[in-house]
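Everything below belongs to my_file-v5.txt, which stores compact mmCIF, C-alpha atoms and all ligand atoms.
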# COMPACT_ATOMS: atom_id res chain seq x y z
CA MET P 13 31.21 -21.39 6.53
CA PHE P 14 30.58 -19.54 3.26
CA THR P 15 32.04 -20.22 -0.15
CA ILE P 16 31.48 -18.01 -3.18
CA ARG P 17 31.01 -19.81 -6.49
CA ALA P 18 30.44 -17.07 -9.05
CA ARG P 19 30.32 -13.31 -9.10
CA SER P 20 28.25 -11.17 -11.40
CA PRO P 21 30.59 -9.18 -13.67
CA GLY P 22 30.59 -5.52 -12.73
CA GLY P 23 28.27 -6.02 -9.76
CA ARG P 24 28.15 -7.32 -6.20
CA ALA P 25 25.78 -10.25 -6.84
CA ARG P 26 27.23 -13.68 -6.19
CA THR P 27 26.25 -17.32 -5.87
CA GLY P 28 27.64 -19.50 -3.16
CA ALA P 29 26.81 -21.84 -0.33
CA LEU P 30 26.54 -21.57 3.41
CA HIS P 31 28.05 -24.62 5.09
CA LEU P 32 26.15 -25.06 8.33
CA ALA P 33 25.89 -27.76 10.98
CA HIS P 34 22.65 -29.14 9.53
CA GLY P 35 23.64 -28.91 5.88
CA ASP P 36 24.43 -26.55 3.03
CA VAL P 37 22.33 -23.66 1.77
CA GLN P 38 22.68 -22.55 -1.84
CA THR P 39 22.66 -18.75 -2.13
CA PRO P 40 21.15 -16.35 -2.96
CA ALA P 41 18.25 -17.90 -1.06
CA PHE P 42 14.90 -16.91 0.35
CA VAL P 43 14.27 -18.07 3.91
CA PRO P 44 10.64 -18.88 4.84
CA LEU P 45 9.50 -17.92 8.33
CA ALA P 46 8.86 -20.53 10.95
CA THR P 47 8.11 -17.83 13.52
CA ARG P 48 6.56 -20.14 16.12
CA ALA P 49 8.48 -23.28 15.17
CA VAL P 50 6.21 -23.93 12.20
CA VAL P 51 5.97 -22.65 8.65
CA LYS P 52 2.31 -21.80 9.04
CA THR P 53 -0.04 -24.42 7.52
CA LEU P 54 2.84 -26.60 6.24
CA GLU P 55 4.77 -29.64 7.37
CA PRO P 56 8.59 -29.56 7.34
CA ARG P 57 8.80 -32.17 4.57
CA GLU P 58 6.60 -29.99 2.35
CA VAL P 59 8.87 -26.98 2.87
CA ALA P 60 11.93 -29.12 2.12
CA ALA P 61 10.24 -30.55 -0.99
CA LEU P 62 9.89 -27.02 -2.37
CA GLY P 63 13.69 -26.79 -2.25
CA TYR P 64 14.11 -24.66 0.85
CA GLU P 65 17.27 -25.38 2.81
CA LEU P 66 17.00 -22.78 5.59
CA ILE P 67 14.09 -21.47 7.68
CA LEU P 68 13.88 -18.74 10.31
CA GLY P 69 12.63 -19.25 13.86
CA ASN P 70 11.71 -16.38 16.13
CA THR P 71 13.58 -15.89 19.39
CA PHE P 72 11.06 -13.47 20.89
CA HIS P 73 7.98 -15.62 20.33
CA LEU P 74 9.66 -18.90 21.32
CA PHE P 75 11.08 -17.20 24.42
CA LEU P 76 7.56 -16.35 25.58
CA THR P 77 6.02 -19.66 24.58
CA PRO P 78 6.72 -22.56 24.82
CA GLY P 79 10.01 -21.28 26.32
CA PRO P 80 13.61 -22.20 25.48
CA GLU P 81 13.89 -24.64 28.41
CA LEU P 82 11.09 -26.77 27.05
CA VAL P 83 12.45 -26.72 23.50
CA ALA P 84 15.90 -27.70 24.81
CA GLU P 85 14.38 -30.48 26.90
CA LEU P 86 12.70 -31.83 23.76
CA GLY P 87 16.04 -31.94 21.91
CA GLY P 88 16.36 -28.42 20.48
CA LEU P 89 14.40 -26.59 17.82
CA HIS P 90 15.32 -28.92 14.93
CA ARG P 91 14.01 -32.00 16.68
CA PHE P 92 11.13 -30.17 18.36
CA MET P 93 9.65 -29.07 15.03
CA GLY P 94 10.90 -31.96 12.92
CA TRP P 95 13.09 -29.91 10.56
CA GLU P 96 16.47 -31.48 9.89
CA ARG P 97 17.97 -28.75 7.73
CA PRO P 98 19.59 -25.49 8.92
CA ILE P 99 17.71 -22.92 11.01
CA ILE P 100 18.47 -19.25 11.56
CA THR P 101 16.96 -17.55 14.60
CA ASP P 102 16.46 -13.83 14.76
CA SER P 103 17.50 -12.13 17.97
CA GLY P 104 14.13 -10.94 19.23
CA GLY P 105 15.23 -7.31 19.00
CA PHE P 106 12.88 -6.50 16.16
CA GLN P 107 9.82 -7.83 17.99
CA VAL P 108 10.72 -6.34 21.37
CA PHE P 109 11.26 -2.90 19.90
CA SER P 110 8.28 -3.07 17.60
CA MET P 111 6.15 -3.02 20.74
CA GLY P 112 7.65 0.33 21.73
CA HIS P 113 7.78 2.18 18.44
CA GLY P 114 4.12 2.82 17.80
CA GLY P 115 4.63 4.05 14.26
CA VAL P 116 5.98 0.75 13.10
CA ALA P 117 3.17 -1.34 14.54
CA ASP P 118 2.34 -2.51 11.03
CA GLU P 119 5.82 -3.89 10.64
CA ILE P 120 5.51 -6.23 13.56
CA LYS P 121 5.99 -9.76 12.40
CA GLY P 122 3.52 -12.22 13.78
CA ARG P 123 2.65 -10.41 16.97
CA GLY P 124 -0.29 -12.07 18.59
CA HIS P 125 -2.66 -11.23 21.34
CA SER P 126 -3.51 -13.44 24.24
CA ARG P 127 -6.97 -14.83 24.69
CA ASP P 128 -7.79 -12.26 27.33
CA GLY P 129 -6.84 -9.51 24.90
CA SER P 130 -3.76 -8.23 26.73
CA HIS P 131 -1.18 -6.65 24.43
CA GLY P 132 2.57 -6.70 24.68
CA ALA P 133 4.19 -3.40 25.62
CA ILE P 134 7.63 -2.02 26.40
CA VAL P 135 8.13 -1.05 30.03
CA ALA P 136 11.66 0.36 29.72
CA ILE P 137 14.64 0.42 27.36
CA GLU P 138 17.87 0.42 29.34
CA GLU P 139 21.55 -0.16 28.70
CA GLU P 140 21.13 -3.61 30.18
CA GLY P 141 18.27 -4.55 27.86
CA VAL P 142 14.52 -4.17 27.52
CA ARG P 143 11.77 -4.80 30.03
CA PHE P 144 8.42 -5.49 28.46
CA ARG P 145 5.03 -6.95 29.14
CA SER P 146 4.40 -10.34 27.55
CA TYR P 147 1.52 -10.53 25.12
CA VAL P 148 0.99 -14.13 26.22
CA ASP P 149 0.18 -13.65 29.88
CA GLY P 150 0.75 -9.96 30.67
CA ARG P 151 3.78 -10.77 32.86
CA GLU P 152 6.78 -8.44 32.88
CA ARG P 153 9.76 -10.02 31.12
CA PHE P 154 13.30 -8.95 30.34
CA MET P 155 15.42 -9.44 27.25
CA GLY P 156 18.97 -8.22 26.79
CA PRO P 157 21.90 -9.35 24.66
CA GLU P 158 22.78 -12.24 26.98
CA THR P 159 19.13 -13.38 27.26
CA SER P 160 18.80 -13.43 23.50
CA MET P 161 22.03 -15.39 23.12
CA ALA P 162 21.00 -17.87 25.83
CA VAL P 163 17.61 -18.43 24.20
CA GLN P 164 19.17 -18.99 20.79
CA ALA P 165 21.74 -21.34 22.34
CA ALA P 166 18.94 -23.37 23.89
CA LEU P 167 17.07 -23.46 20.58
CA GLY P 168 20.28 -24.70 18.94
CA SER P 169 19.90 -22.81 15.67
CA ASP P 170 22.66 -23.00 13.06
CA ILE P 171 22.79 -19.21 12.75
CA ALA P 172 22.08 -16.85 15.66
CA LEU P 173 21.63 -13.09 15.31
CA VAL P 174 22.98 -10.55 17.79
CA PHE P 175 20.50 -8.58 19.87
CA ASP P 176 19.88 -5.15 18.39
CA GLU P 177 17.53 -2.25 18.54
CA CYS P 178 15.46 -1.95 15.41
CA THR P 179 15.08 1.82 15.00
CA PRO P 180 12.16 2.98 12.88
CA PHE P 181 12.69 5.59 10.17
CA HIS P 182 10.56 8.28 11.78
CA VAL P 183 12.65 8.89 14.92
CA THR P 184 15.17 11.72 15.23
CA ARG P 185 18.71 11.40 13.96
CA GLU P 186 19.92 11.82 17.51
CA TYR P 187 17.82 8.87 18.69
CA THR P 188 19.09 6.73 15.81
CA ALA P 189 22.70 7.66 16.63
CA ARG P 190 22.33 6.76 20.32
CA SER P 191 20.46 3.58 19.50
CA THR P 192 23.04 2.48 16.93
CA GLU P 193 25.86 3.01 19.42
CA ARG P 194 24.00 0.92 22.00
CA THR P 195 23.45 -1.79 19.40
CA HIS P 196 27.22 -1.85 18.86
CA ARG P 197 27.83 -2.25 22.61
CA TRP P 198 25.26 -5.06 22.62
CA LEU P 199 27.15 -6.66 19.72
CA GLU P 200 30.24 -6.85 21.95
CA ARG P 201 28.22 -8.39 24.77
CA CYS P 202 26.67 -10.96 22.44
CA LEU P 203 30.09 -11.90 21.11
CA ARG P 204 31.47 -12.28 24.66
CA TRP P 205 28.55 -14.46 25.78
CA HIS P 206 28.63 -16.55 22.63
CA ALA P 207 32.39 -17.15 22.82
CA ARG P 208 31.96 -18.54 26.33
CA HIS P 209 28.63 -20.35 26.25
CA GLY P 210 27.40 -20.57 22.65
CA PRO P 211 26.94 -23.99 21.04
CA GLU P 212 30.02 -24.91 19.03
CA HIS P 213 28.01 -25.51 15.85
CA GLN P 214 26.25 -22.12 15.97
CA VAL P 215 27.54 -19.15 13.96
CA LEU P 216 26.75 -15.58 14.92
CA TYR P 217 25.68 -12.81 12.56
CA GLY P 218 26.17 -9.16 13.53
CA ILE P 219 23.48 -6.67 12.50
CA VAL P 220 24.03 -3.39 10.68
CA GLN P 221 21.70 -0.66 11.95
CA GLY P 222 21.83 3.12 11.57
CA GLY P 223 18.35 3.85 10.27
CA VAL P 224 18.27 5.87 7.08
CA GLU P 225 21.27 8.05 8.01
CA PRO P 226 24.04 7.29 5.49
CA ASP P 227 26.93 8.07 7.83
CA LEU P 228 25.44 6.03 10.69
CA ARG P 229 24.78 3.08 8.35
CA LEU P 230 28.33 3.28 7.10
CA GLU P 231 29.74 3.43 10.61
CA SER P 232 27.57 0.51 11.67
CA ALA P 233 28.63 -1.58 8.67
CA GLU P 234 32.28 -0.84 9.50
CA THR P 235 31.78 -1.75 13.15
CA VAL P 236 30.14 -5.08 12.34
CA ALA P 237 32.71 -5.80 9.62
CA ALA P 238 35.50 -5.16 12.15
CA SER P 239 33.95 -7.67 14.57
CA PRO P 240 34.69 -11.40 14.37
CA CYS P 241 31.04 -12.24 13.41
CA PRO P 242 31.24 -14.73 10.52
CA GLY P 243 28.11 -13.29 8.91
CA VAL P 244 26.33 -9.95 8.70
CA ALA P 245 22.65 -9.03 8.63
CA ILE P 246 21.24 -5.72 7.45
CA GLY P 247 18.41 -4.71 9.74
CA GLY P 248 16.22 -1.91 10.86
CA SER P 249 13.51 0.02 9.17
CA LEU P 250 15.06 0.65 5.81
CA GLY P 251 13.07 3.71 4.85
CA GLN P 252 9.63 4.90 3.97
CA ASP P 253 9.63 3.79 0.35
CA LYS P 254 11.43 1.39 -1.96
CA GLU P 255 13.78 4.02 -3.31
CA GLN P 256 15.05 4.84 0.17
CA MET P 257 15.25 1.16 1.07
CA TYR P 258 17.38 0.38 -1.97
CA GLU P 259 19.67 3.28 -1.10
CA VAL P 260 20.13 2.05 2.47
CA VAL P 261 20.71 -1.56 1.36
CA ASP P 262 23.09 -0.39 -1.36
CA LEU P 263 25.11 1.71 1.05
CA SER P 264 25.30 -1.07 3.66
CA ALA P 265 26.17 -3.79 1.15
CA GLU P 266 28.75 -1.59 -0.53
CA ALA P 267 30.51 -0.99 2.78
CA LEU P 268 30.38 -4.69 3.61
CA GLU P 269 31.77 -5.59 0.20
CA ARG P 270 34.69 -3.30 0.90
CA ARG P 271 35.38 -4.44 4.47
CA ALA P 272 34.13 -8.02 4.65
CA PRO P 273 33.69 -9.29 1.09
CA GLU P 274 33.87 -12.99 1.99
CA ARG P 275 31.20 -12.91 4.68
CA PRO P 276 27.57 -13.82 3.92
CA ARG P 277 24.98 -11.01 4.04
CA HIS P 278 21.40 -11.43 5.17
CA LEU P 279 18.68 -8.85 4.59
CA LEU P 280 16.10 -8.93 7.36
CA GLY P 281 12.38 -8.81 6.66
CA ILE P 282 12.39 -8.11 2.92
CA GLY P 283 10.55 -10.37 0.46
CA ASP P 284 8.61 -8.58 -2.28
CA ILE P 285 9.61 -10.06 -5.65
CA ASP P 286 11.12 -6.81 -6.96
CA ASP P 287 12.94 -6.32 -3.65
CA LEU P 288 14.45 -9.81 -3.84
CA ILE P 289 15.74 -9.05 -7.34
CA ALA P 290 17.09 -5.66 -6.23
CA GLY P 291 18.67 -7.17 -3.12
CA VAL P 292 20.44 -9.93 -5.04
CA GLN P 293 21.78 -7.35 -7.50
CA ARG P 294 23.17 -5.36 -4.58
CA GLY P 295 24.98 -8.37 -3.14
CA VAL P 296 22.56 -9.83 -0.58
CA ASP P 297 22.90 -13.60 -0.09
CA THR P 298 19.83 -14.48 2.00
CA PHE P 299 16.44 -12.90 2.74
CA ASP P 300 13.67 -13.70 5.19
CA CYS P 301 10.16 -12.35 5.12
CA ALA P 302 6.61 -13.15 6.20
CA LEU P 303 5.23 -11.95 2.91
CA PRO P 304 4.83 -15.09 0.75
CA THR P 305 3.31 -17.16 3.54
CA ARG P 306 1.23 -14.35 5.01
CA LEU P 307 -0.18 -13.38 1.62
CA GLY P 308 -0.97 -17.05 1.06
CA ARG P 309 -3.04 -17.18 4.23
CA HIS P 310 -4.95 -14.16 3.00
CA GLY P 311 -5.72 -15.83 -0.32
CA VAL P 312 -3.30 -13.67 -2.30
CA ALA P 313 -1.19 -15.62 -4.78
CA LEU P 314 2.15 -14.46 -6.18
CA VAL P 315 2.14 -14.34 -9.99
CA PRO P 316 4.49 -12.85 -12.60
CA ASP P 317 2.47 -9.66 -12.94
CA PRO P 318 4.62 -6.64 -11.99
CA GLY P 319 1.73 -4.27 -12.76
CA ALA P 320 -0.22 -5.84 -9.90
CA ARG P 321 2.83 -5.97 -7.61
CA TRP P 322 3.07 -9.71 -8.36
CA ARG P 323 -0.21 -10.29 -6.54
CA LEU P 324 -3.42 -12.03 -7.51
CA ASP P 325 -6.24 -11.84 -4.97
CA LEU P 326 -8.17 -15.08 -5.22
CA ALA P 327 -10.91 -13.78 -2.94
CA LYS P 328 -12.03 -11.32 -5.62
CA ALA P 329 -15.42 -12.04 -7.18
CA ARG P 330 -13.96 -11.99 -10.70
CA TRP P 331 -12.45 -15.46 -10.14
CA ARG P 332 -15.75 -17.07 -9.15
CA ARG P 333 -16.14 -18.85 -12.50
CA SER P 334 -12.51 -18.95 -13.62
CA PRO P 335 -11.41 -22.45 -14.71
CA ALA P 336 -7.75 -21.33 -14.95
CA PRO P 337 -5.16 -22.41 -12.38
CA ILE P 338 -3.32 -19.68 -10.47
CA LEU P 339 -0.44 -19.95 -12.93
CA ASP P 340 -0.22 -22.16 -16.01
CA GLY P 341 2.74 -24.49 -15.89
CA CYS P 342 3.47 -23.88 -12.20
CA PRO P 343 4.65 -27.14 -10.61
CA CYS P 344 3.13 -26.41 -7.18
CA PRO P 345 0.53 -28.59 -5.42
CA ALA P 346 -2.17 -26.00 -6.18
CA CYS P 347 -1.48 -25.53 -9.90
CA ALA P 348 -0.05 -28.85 -11.06
CA PRO P 349 -3.18 -30.90 -10.23
CA GLY P 350 -5.25 -28.22 -11.95
CA PHE P 351 -7.17 -26.66 -9.06
CA SER P 352 -9.03 -23.74 -10.61
CA ARG P 353 -9.15 -20.17 -9.37
CA SER P 354 -12.86 -20.78 -9.07
CA TYR P 355 -12.33 -23.67 -6.65
CA LEU P 356 -9.71 -21.78 -4.60
CA HIS P 357 -11.96 -18.72 -4.52
CA TYR P 358 -14.81 -20.86 -3.23
CA LEU P 359 -12.60 -22.55 -0.57
CA LEU P 360 -11.33 -19.17 0.62
CA ARG P 361 -14.81 -17.72 0.88
CA ALA P 362 -15.92 -20.84 2.75
CA ARG P 363 -12.91 -20.44 5.09
CA GLU P 364 -11.67 -23.93 4.29
CA LEU P 365 -8.16 -24.39 5.72
CA THR P 366 -6.92 -26.31 2.67
CA ALA P 367 -7.12 -23.10 0.64
CA LEU P 368 -4.57 -21.41 2.93
CA ARG P 369 -2.22 -24.37 2.55
CA LEU P 370 -2.56 -24.48 -1.23
CA VAL P 371 -1.91 -20.77 -1.75
CA THR P 372 1.01 -20.86 0.72
CA LEU P 373 2.51 -23.78 -1.21
CA HIS P 374 2.05 -21.91 -4.47
CA ASN P 375 3.67 -18.72 -3.14
CA LEU P 376 6.69 -20.50 -1.71
CA THR P 377 7.05 -22.41 -5.00
CA PHE P 378 6.94 -19.14 -6.91
CA VAL P 379 9.58 -17.46 -4.72
CA ALA P 380 11.81 -20.55 -4.87
CA GLY P 381 11.54 -20.39 -8.67
CA VAL P 382 12.57 -16.73 -8.76
CA MET P 383 15.58 -17.38 -6.53
CA ALA P 384 16.63 -20.39 -8.63
CA GLN P 385 16.44 -18.25 -11.77
CA LEU P 386 18.59 -15.56 -10.15
CA ARG P 387 21.20 -18.13 -9.09
CA GLU P 388 21.32 -19.67 -12.55
CA ALA P 389 21.63 -16.23 -14.13
CA ILE P 390 24.55 -15.24 -11.88
CA ASP P 391 26.32 -18.52 -12.62
CA ALA P 392 25.78 -17.95 -16.35
CA GLY P 393 26.98 -14.33 -16.15
CA ARG P 394 23.68 -12.91 -17.38
CA LEU P 395 22.09 -11.46 -14.24
CA PRO P 396 21.17 -8.06 -15.74
CA GLU P 397 19.16 -9.75 -18.52
CA ALA P 398 17.46 -12.18 -16.14
CA ALA P 399 16.63 -9.43 -13.65
CA ALA P 400 15.12 -7.29 -16.40
CA ALA P 401 13.06 -10.24 -17.65
CA LEU P 402 11.78 -11.03 -14.14
CA ARG P 403 10.90 -7.38 -13.60
CA ALA P 404 8.97 -7.48 -16.88
CA GLY P 405 6.94 -10.50 -15.74
CA ALA P 406 8.89 -13.49 -17.02
CA THR P 407 8.60 -16.83 -15.24
CA SER P 408 10.56 -20.03 -15.32
CA TYR P 409 7.31 -21.77 -16.21
CA SER P 410 5.62 -21.96 -19.58
CA GLY P 411 2.55 -20.08 -18.52
CA ARG P 412 1.52 -16.52 -17.98
CA PRO P 413 -0.99 -15.16 -15.50
CA GLY P 414 -4.10 -15.09 -17.63
CA SER P 415 -7.53 -14.11 -16.48
ZN ZN P 501 1.29 -22.78 -8.35

Give the structure from the file, written as structure tokens.
Ligand SMILES: [Zn+2]
Amino acid sequence: MFTIRARSPGGRARTGALHLAHGDVQTPAFVPLATRAVVKTLEPREVAALGYELILGNTFHLFLTPGPELVAELGGLHRFMGWERPIITDSGGFQVFSMGHGGVADEIKGRGHSRDGSHGAIVAIEEEGVRFRSYVDGRERFMGPETSMAVQAALGSDIALVFDECTPFHVTREYTARSTERTHRWLERCLRWHARHGPEHQVLYGIVQGGVEPDLRLESAETVAASPCPGVAIGGSLGQDKEQMYEVVDLSAEALERRAPERPRHLLGIGDIDDLIAGVQRGVDTFDCALPTRLGRHGVALVPDPGARWRLDLAKARWRRSPAPILDGCPCPACAPGFSRSYLHYLLRARELTALRLVTLHNLTFVAGVMAQLREAIDAGRLPEAAAALRAGATSYSGRPGS
């Protein structure tokens, strides 16, 4: 299901393609989130028009509402949401455990609160799985490896992820060790369930955990590599800063390159521009993250400005009279027609929904452009130069972020 086209000389970066039931995915690729069966503010055809070939649906949220039975009844997730290309579903582990690890509350992707204000909460973590209180209706629910697999089977995603515990970086080494071992036992259970009941078209990715402990990461990578999972994801809290994250990713990817070089690698929940570049250089094939779309809904545009962490906050008063587009030469539906920063600033301040759409479209266009540049550079054997240029603020477009 994965073919490698070119490898970067002297490095682990590679280009290739995933061959999935609903089509091919050119890699390295960024995967936009469709957490609740929608890429927020966009229609599927708009996401496809930006060049995206794979999106990520969320097992935890779709489990709670509208429920896998309903999605299956309506023809599966692809038909339900009108997206004909491949879908990857995460396992729900990250969201379930985020409720229990208070210190990582900020990392929770897309957690919502019900109208009556009740919050989700973990009731108990057991060998069997996790009991928790639903944020939708306050009811107690259960999710374990088999539940997660059954939900993802009902959704009918092209790629399913095994159920894992996402351990945060601030717990003890002993906790991380126990949790990683349990995750490995859950991997076995997921594989057993999937072999018996999983949809034939669905491929299963194992997940490397182990926190920030090098030996545990290594052991986890070896365990997943020794399993028959056709793909591997690198998960967990990857550290408290970028340096530590790169170390953990490097270590995991290095072990996978040694033990399972032909299998695709997915990095969970990472999407800053510099992190995408660093990940590709370390041999990651696909990435998913809320960042580009979430920033877009907050009026923050991605621009080639490393000094500002690639961010331009359109809500700032300094753009009130700016006639410039977000980014000169950008082909997106916000920049190409010439919408000014002034206009977008005004729309954002007036809480007009079109502004959220336009900035989301721009951000996903920008990220797609970065990934396309990285792929071209790997194919041309000049990744180090291209990565350095991107880190210095180059774009594939003619323009620069002016003021
Ligand atoms: Zn644009």

Identify, on the basis of only C-alpha atoms, every residue whose closest approach to Gly291 (chain P) does not exceed 8 Å; exclude the query and any residue fewer than 6 positions from it along the same chain; express the result as a PDB file with C-alpha atoms, in the coordinates of the input.
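Produced file part.pdb, reproduced below:
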ATOM      1  CA  TYR P 258      17.380   0.380  -1.970  1.00  0.00           C
ATOM      2  CA  VAL P 261      20.710  -1.560   1.360  1.00  0.00           C
ATOM      3  CA  LEU P 279      18.680  -8.850   4.590  1.00  0.00           C
TER       4      LEU P 279
END

(request) Give the residues close to ligand ZN 501 (chain P), within 12 Å, counting all atoms listed in the file; write them as a PyMOL selection string. (result) chain P and resi 62+308+312-316+324+336-353+356+369-381+407-409+411-413

(request) For each of P:Ser334, P:Thr192, P:Thr179, P:Thr27, take the minimum atom-to-atom distance to Ser110 (chain P), counting all atoms listed in the file, then give the residue where this is smallest. (result) P:Thr179

(request) Write out as a PyMOL selection string the residues lying within 10 Å of Glu259 (chain P), counting only C-alpha atoms and excluding same-chain residues fewer than 5 positions away. (result) chain P and resi 224+226+250-251+254+264-265+294

For the selection just defined, write its residues with C-alpha atoms to a file, as a JSON list (two decimals), keeping the file's coordinate frame.
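File produced: selection.json:
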[["chain", "number", "residue", "atom", "x", "y", "z"],
["P", 224, "VAL", "CA", 18.27, 5.87, 7.08],
["P", 226, "PRO", "CA", 24.04, 7.29, 5.49],
["P", 250, "LEU", "CA", 15.06, 0.65, 5.81],
["P", 251, "GLY", "CA", 13.07, 3.71, 4.85],
["P", 254, "LYS", "CA", 11.43, 1.39, -1.96],
["P", 264, "SER", "CA", 25.30, -1.07, 3.66],
["P", 265, "ALA", "CA", 26.17, -3.79, 1.15],
["P", 294, "ARG", "CA", 23.17, -5.36, -4.58]]

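Minimum atom-to-atom distance to Leu365 (chain P), evaluated using only C-alpha atoms, belongs to P:Gly311 out of P:Pro273, P:Gly94, P:Pro21, P:Gly311.
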
(request) Tell me which of P:Leu280, P:Val296, P:Cys241, P:Ala404 sits closest to Gly319 (chain P), counting all atoms listed in the file. (result)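 Looking only at the distances to Gly319 (chain P), the closest residue turns out to be P:Ala404.
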
(message) Measuring between all atoms listed in the file, which one of P:Ser191, P:Asn70, P:Gln252, P:Gln107 shows the shortest distance to Val163 (chain P)?
(response)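 The shortest atom-to-atom distance to Val163 (chain P) comes from P:Asn70.
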
(message) I'd like the interatomic distance between CA of Asp36 (chain P) and CA of Ile246 (chain P), to a tenth of an Å.
(response)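 Computing it gives 21.5 Å between the two atoms.
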
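Nearest to Leu303 (chain P) of all the residues P:His209, P:Lys52, P:Arg97, P:Arg143 is P:Lys52, counting all atoms listed in the file.
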
(message) Please determine, counting only C-alpha atoms, which residue among P:Leu66, P:Leu228, P:Ala392, P:Leu368 has the shortest atom-to-atom distance to Leu54 (chain P).
(response)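 For Leu54 (chain P), the nearest of the given residues is P:Leu368.
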
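If you look at CA of Gly405 (chain P) and CA of Tyr64 (chain P), they are 23.0 Å away from each other.
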
(request) Go ahead and compute the interatomic distance for CA of Gly28 (chain P) and CA of Leu45 (chain P), in Å to one decimal. (result)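 So the two atoms, CA of Gly28 (chain P) and CA of Leu45 (chain P), lie 21.5 Å apart.
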
(request) Compile the contact shell of Glu225 (chain P) as number ranges by chain: residues with an atom at most 9 Å away, counting all atoms listed in the file, same-chain residues fewer than 5 positions apart removed. (result) P: 185, 188-189, 230, 260

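If you count all atoms listed in the file and ignore residues fewer than 2 places along the chain from Leu386 (chain P), what sits within 8 Å of it is Pro40, Ile289, Val292, Val382, Met383, Ala384, Glu388, Ala389, Ile390, Leu395, Ala398 and Ala399 of chain P.
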
Centre and edge lengths, as lines of an AutoDock Vina configuration file, for the axis-aligned box enclosing every listed atom of region 314-321 of chain P with 8 Å of padding on each of the six sides, in Å to one decimal?
center_x = 2.2
center_y = -9.4
center_z = -9.6
size_x = 20.8
size_y = 26.2
size_z = 22.8
